[in-house]
$ cat entry16.cif   # mmCIF, C-alpha atoms
data_coords
#
loop_
_atom_site.label_atom_id
_atom_site.label_comp_id
_atom_site.auth_asym_id
_atom_site.auth_seq_id
_atom_site.Cartn_x
_atom_site.Cartn_y
_atom_site.Cartn_z
CA MET A 7 15.63 28.00 37.15
CA HIS A 8 17.68 25.01 38.25
CA ARG A 9 20.84 24.21 36.27
CA PHE A 10 22.49 20.79 35.99
CA PHE A 11 25.67 19.51 34.36
CA VAL A 12 25.15 16.37 32.28
CA PRO A 13 28.26 14.24 31.61
CA GLN A 14 27.38 13.48 27.98
CA LEU A 15 27.45 15.25 24.62
CA TYR A 16 24.46 17.40 23.66
CA ASN A 17 21.51 15.54 22.20
CA GLU A 18 17.78 16.28 21.80
CA THR A 19 16.99 13.68 24.47
CA MET A 20 19.31 13.37 27.46
CA THR A 21 19.32 11.58 30.80
CA ILE A 22 20.38 12.86 34.19
CA GLU A 23 21.47 10.13 36.59
CA GLY A 24 22.89 9.68 40.07
CA VAL A 25 22.93 12.41 42.71
CA ASP A 26 21.37 15.03 40.42
CA ALA A 27 18.49 12.70 39.50
CA ARG A 28 17.78 12.03 43.18
CA HIS A 29 17.96 15.77 43.87
CA ILE A 30 15.48 16.54 41.08
CA SER A 31 13.01 13.83 42.12
CA LYS A 32 13.29 13.77 45.93
CA VAL A 33 14.37 17.27 46.98
CA LEU A 34 13.00 19.54 44.25
CA ARG A 35 10.05 17.19 43.62
CA MET A 36 9.92 18.13 39.95
CA GLN A 37 7.40 16.37 37.74
CA PRO A 38 7.20 15.63 34.01
CA GLY A 39 6.60 18.92 32.22
CA ALA A 40 8.85 20.94 34.54
CA GLN A 41 11.65 22.89 32.88
CA LEU A 42 15.31 23.15 33.81
CA GLN A 43 18.58 24.23 32.30
CA LEU A 44 21.35 21.81 31.52
CA VAL A 45 24.92 22.02 30.31
CA SER A 46 26.41 19.12 28.35
CA ASP A 47 30.05 18.02 28.32
CA ASP A 48 30.64 19.84 25.04
CA GLY A 49 29.62 23.15 26.67
CA VAL A 50 26.15 23.48 25.14
CA SER A 51 23.60 25.12 27.46
CA ALA A 52 19.97 24.25 26.81
CA LEU A 53 16.48 24.73 28.17
CA ALA A 54 14.95 21.30 28.69
CA GLU A 55 11.65 19.77 29.79
CA ILE A 56 11.37 16.65 31.93
CA THR A 57 9.63 13.83 30.07
CA ALA A 58 10.13 10.96 32.54
CA ILE A 59 11.34 10.84 36.12
CA ASP A 60 12.23 8.40 38.87
CA SER A 61 14.72 8.50 41.74
CA GLU A 62 17.62 7.12 39.67
CA CYS A 63 17.07 8.61 36.20
CA VAL A 64 15.50 11.77 34.78
CA THR A 65 14.88 11.93 31.03
CA VAL A 66 14.66 15.37 29.44
CA HIS A 67 13.83 16.69 25.99
CA CYS A 68 15.80 19.77 24.96
CA LEU A 69 13.54 22.63 23.87
CA GLU A 70 16.15 25.16 22.78
CA LYS A 71 19.85 25.88 22.95
CA LEU A 72 20.73 28.91 25.06
CA ALA A 73 23.06 31.28 23.22
CA GLU A 74 24.13 33.43 26.15
CA SER A 75 27.48 32.57 27.69
CA HIS A 76 28.27 32.86 31.39
CA GLU A 77 32.02 32.50 30.95
CA PRO A 78 34.49 35.39 31.18
CA ALA A 79 36.56 36.30 28.12
CA VAL A 80 39.83 35.82 30.03
CA ARG A 81 40.86 32.36 31.26
CA LEU A 82 42.16 32.80 34.79
CA ILE A 83 44.00 29.96 36.50
CA LEU A 84 44.27 30.50 40.24
CA ALA A 85 47.33 28.92 41.88
CA GLN A 86 46.52 28.86 45.59
CA GLY A 87 48.84 27.84 48.39
CA LEU A 88 47.27 25.21 50.63
CA ALA A 89 45.27 26.87 53.40
CA LYS A 90 44.31 25.46 56.81
CA GLY A 91 40.86 24.27 57.83
CA GLU A 92 37.92 25.16 55.62
CA LYS A 93 39.64 28.20 54.12
CA MET A 94 40.71 26.28 51.02
CA GLU A 95 37.11 25.22 50.35
CA PHE A 96 35.94 28.83 50.71
CA ILE A 97 38.70 30.09 48.37
CA ILE A 98 37.80 27.51 45.70
CA GLN A 99 34.09 28.30 45.98
CA LYS A 100 34.64 32.06 45.58
CA ALA A 101 37.20 31.64 42.79
CA VAL A 102 34.72 29.55 40.77
CA GLU A 103 31.89 32.00 41.44
CA MET A 104 34.08 34.87 40.22
CA GLY A 105 34.98 33.08 36.98
CA ALA A 106 38.24 31.17 37.49
CA TYR A 107 38.84 28.64 34.73
CA SER A 108 40.91 26.32 36.91
CA VAL A 109 42.30 26.12 40.45
CA VAL A 110 45.73 24.71 41.23
CA PRO A 111 46.38 23.85 44.91
CA VAL A 112 50.07 24.49 45.55
CA ALA A 113 52.06 22.87 48.37
CA MET A 114 54.30 25.76 49.40
CA GLU A 115 57.68 25.24 50.99
CA HIS A 116 56.76 26.99 54.25
CA SER A 117 53.09 25.98 54.35
CA VAL A 118 51.71 24.43 57.52
CA VAL A 119 49.38 22.12 55.56
CA ARG A 120 51.00 18.92 54.25
CA LEU A 121 49.09 16.46 52.10
CA ASP A 122 50.37 13.04 51.04
CA GLY A 123 49.16 11.09 47.98
CA ALA A 124 45.95 9.45 49.25
CA LYS A 125 44.94 12.36 51.46
CA ALA A 126 45.65 14.86 48.69
CA ALA A 127 43.55 12.89 46.19
CA LYS A 128 40.62 12.79 48.62
CA LYS A 129 40.90 16.54 49.23
CA VAL A 130 40.99 17.29 45.49
CA GLU A 131 37.88 15.14 45.01
CA ARG A 132 36.10 17.13 47.76
CA TRP A 133 37.27 20.45 46.29
CA GLN A 134 36.03 19.37 42.83
CA LYS A 135 32.53 18.81 44.28
CA ILE A 136 32.66 22.29 45.82
CA ALA A 137 33.70 23.72 42.43
CA GLU A 138 30.76 21.93 40.76
CA SER A 139 28.32 23.26 43.34
CA ALA A 140 29.65 26.81 42.94
CA ALA A 141 29.47 26.50 39.13
CA LYS A 142 25.80 25.46 39.34
CA GLN A 143 24.97 28.30 41.71
CA SER A 144 26.67 30.95 39.59
CA LYS A 145 25.25 29.49 36.33
CA ARG A 146 28.63 28.75 34.77
CA ASP A 147 28.90 26.92 31.44
CA ILE A 148 31.78 24.76 32.66
CA ILE A 149 32.83 23.13 35.89
CA PRO A 150 36.30 24.54 36.58
CA LYS A 151 38.86 21.81 37.20
CA VAL A 152 40.59 21.58 40.54
CA GLN A 153 43.98 20.17 39.58
CA PRO A 154 45.99 17.77 41.76
CA VAL A 155 48.14 19.30 44.49
CA GLN A 156 51.45 20.45 42.97
CA THR A 157 54.69 22.05 44.06
CA MET A 158 55.48 25.58 42.88
CA ALA A 159 57.95 24.22 40.29
CA GLN A 160 55.40 21.73 38.93
CA MET A 161 52.72 24.42 38.72
CA LEU A 162 54.97 26.88 36.85
CA ALA A 163 56.11 24.19 34.40
CA ALA A 164 52.66 22.69 33.75
CA ASN A 165 50.62 25.88 33.26
CA ASP A 166 52.00 27.63 30.22
CA CYS A 167 50.33 31.03 30.52
CA ALA A 168 51.18 34.23 28.68
CA THR A 169 50.99 36.29 31.88
CA LYS A 170 51.78 35.11 35.39
CA ILE A 171 51.02 37.39 38.32
CA ILE A 172 52.19 36.48 41.80
CA ALA A 173 50.75 38.41 44.73
CA TYR A 174 53.48 39.41 47.19
CA GLU A 175 52.59 41.43 50.26
CA CYS A 176 55.94 43.25 50.45
CA GLU A 177 55.93 44.52 46.84
CA ASP A 178 56.06 48.32 46.90
CA LYS A 179 57.63 49.22 43.54
CA LYS A 180 55.31 47.66 40.97
CA SER A 181 51.52 47.97 40.91
CA LEU A 182 49.17 45.34 39.49
CA LYS A 183 48.45 47.63 36.52
CA ALA A 184 52.18 47.99 35.75
#
$ encode --input "entry16.cif" --output "structure tokens"
Amino acid sequence: MHRFFVPQLYNETMTIEGVDARHISKVLRMQPGAQLQLVSDDGVSALAEITAIDSECVTVHCLEKLAESHEPAVRLILAQGLAKGEKMEFIIQKAVEMGAYSVVPVAMEHSVVRLDGAKAAKKVERWQKIAESAAKQSKRDIIPKVQPVQTMAQMLAANDCATKIIAYECEDKKSLKA
């Protein structure tokens, strides 16, 4: 069953607009009476039935709230050094599919990739769309946020986590379990 994120609070009657509405009407060719799943901004998942449809707006009536959660119990924030080419997109996609709560692109000191303000903002926007697509495919209840590109110091200061694990290829004394 197709799943869509609706940028509004849960209500009995909701509307899907924009790209998702065009996808439902033109690509999937759904008709009134067809059912789909939706997730509202407040995290409520619901089974809904299409009541009215056109290429710009799809109106749905919620039939029932879905109780099952597709979110892991642990909130994992992945801080990822900027990678070349399409590798960063692939990393974000897989991280979201595996349950990451958020992804922080980190501009490392010795990284080859350098992003300035405008270019970085455009990349983050693209990565956010990839995160949304991966969240739909893996039936997540949230769209994980791809944060703006940060330095290592900014990332460590901004993300106040109880446990921070840094993967280091030369570590030979301490295991992940330890």
$ resolve_selection --input "entry16.cif" --expression "the PyMOL selection byres ((chain A and resi 10) around 7)" --output "PDB file with C-alpha atoms, keeping the file's coordinate frame"
ATOM      1  CA  HIS A   8      17.680  25.010  38.250  1.00  0.00           C
ATOM      2  CA  ARG A   9      20.840  24.210  36.270  1.00  0.00           C
ATOM      3  CA  PHE A  11      25.670  19.510  34.360  1.00  0.00           C
ATOM      4  CA  VAL A  12      25.150  16.370  32.280  1.00  0.00           C
ATOM      5  CA  GLN A  43      18.580  24.230  32.300  1.00  0.00           C
ATOM      6  CA  LEU A  44      21.350  21.810  31.520  1.00  0.00           C
ATOM      7  CA  VAL A  45      24.920  22.020  30.310  1.00  0.00           C
ATOM      8  CA  LYS A 142      25.800  25.460  39.340  1.00  0.00           C
TER       9      LYS A 142
END
$ atom_distance --input "entry16.cif" --atom1 "atom CA of A:Arg146" --atom2 "atom CA of A:Ala54"
16.7 Å
$ closest_residue --input "entry16.cif" --among "A:Leu34, A:Ile172, A:Glu70, A:Leu82" --to "A:Lys151" --atoms "all atoms listed in the file"
A:Leu82
$ residues_around --input "entry16.cif" --residues "stretch 96-107 of chain A" --least-positions-apart "2" --cutoff "12 Å" --atoms "all atoms listed in the file" --output "number ranges by chain"
A: 75-94, 109-111, 129-130, 132-153
$ atom_distance --input "entry16.cif" --atom1 "atom CA of A:Glu175" --atom2 "atom CA of A:Met158"
17.7 Å
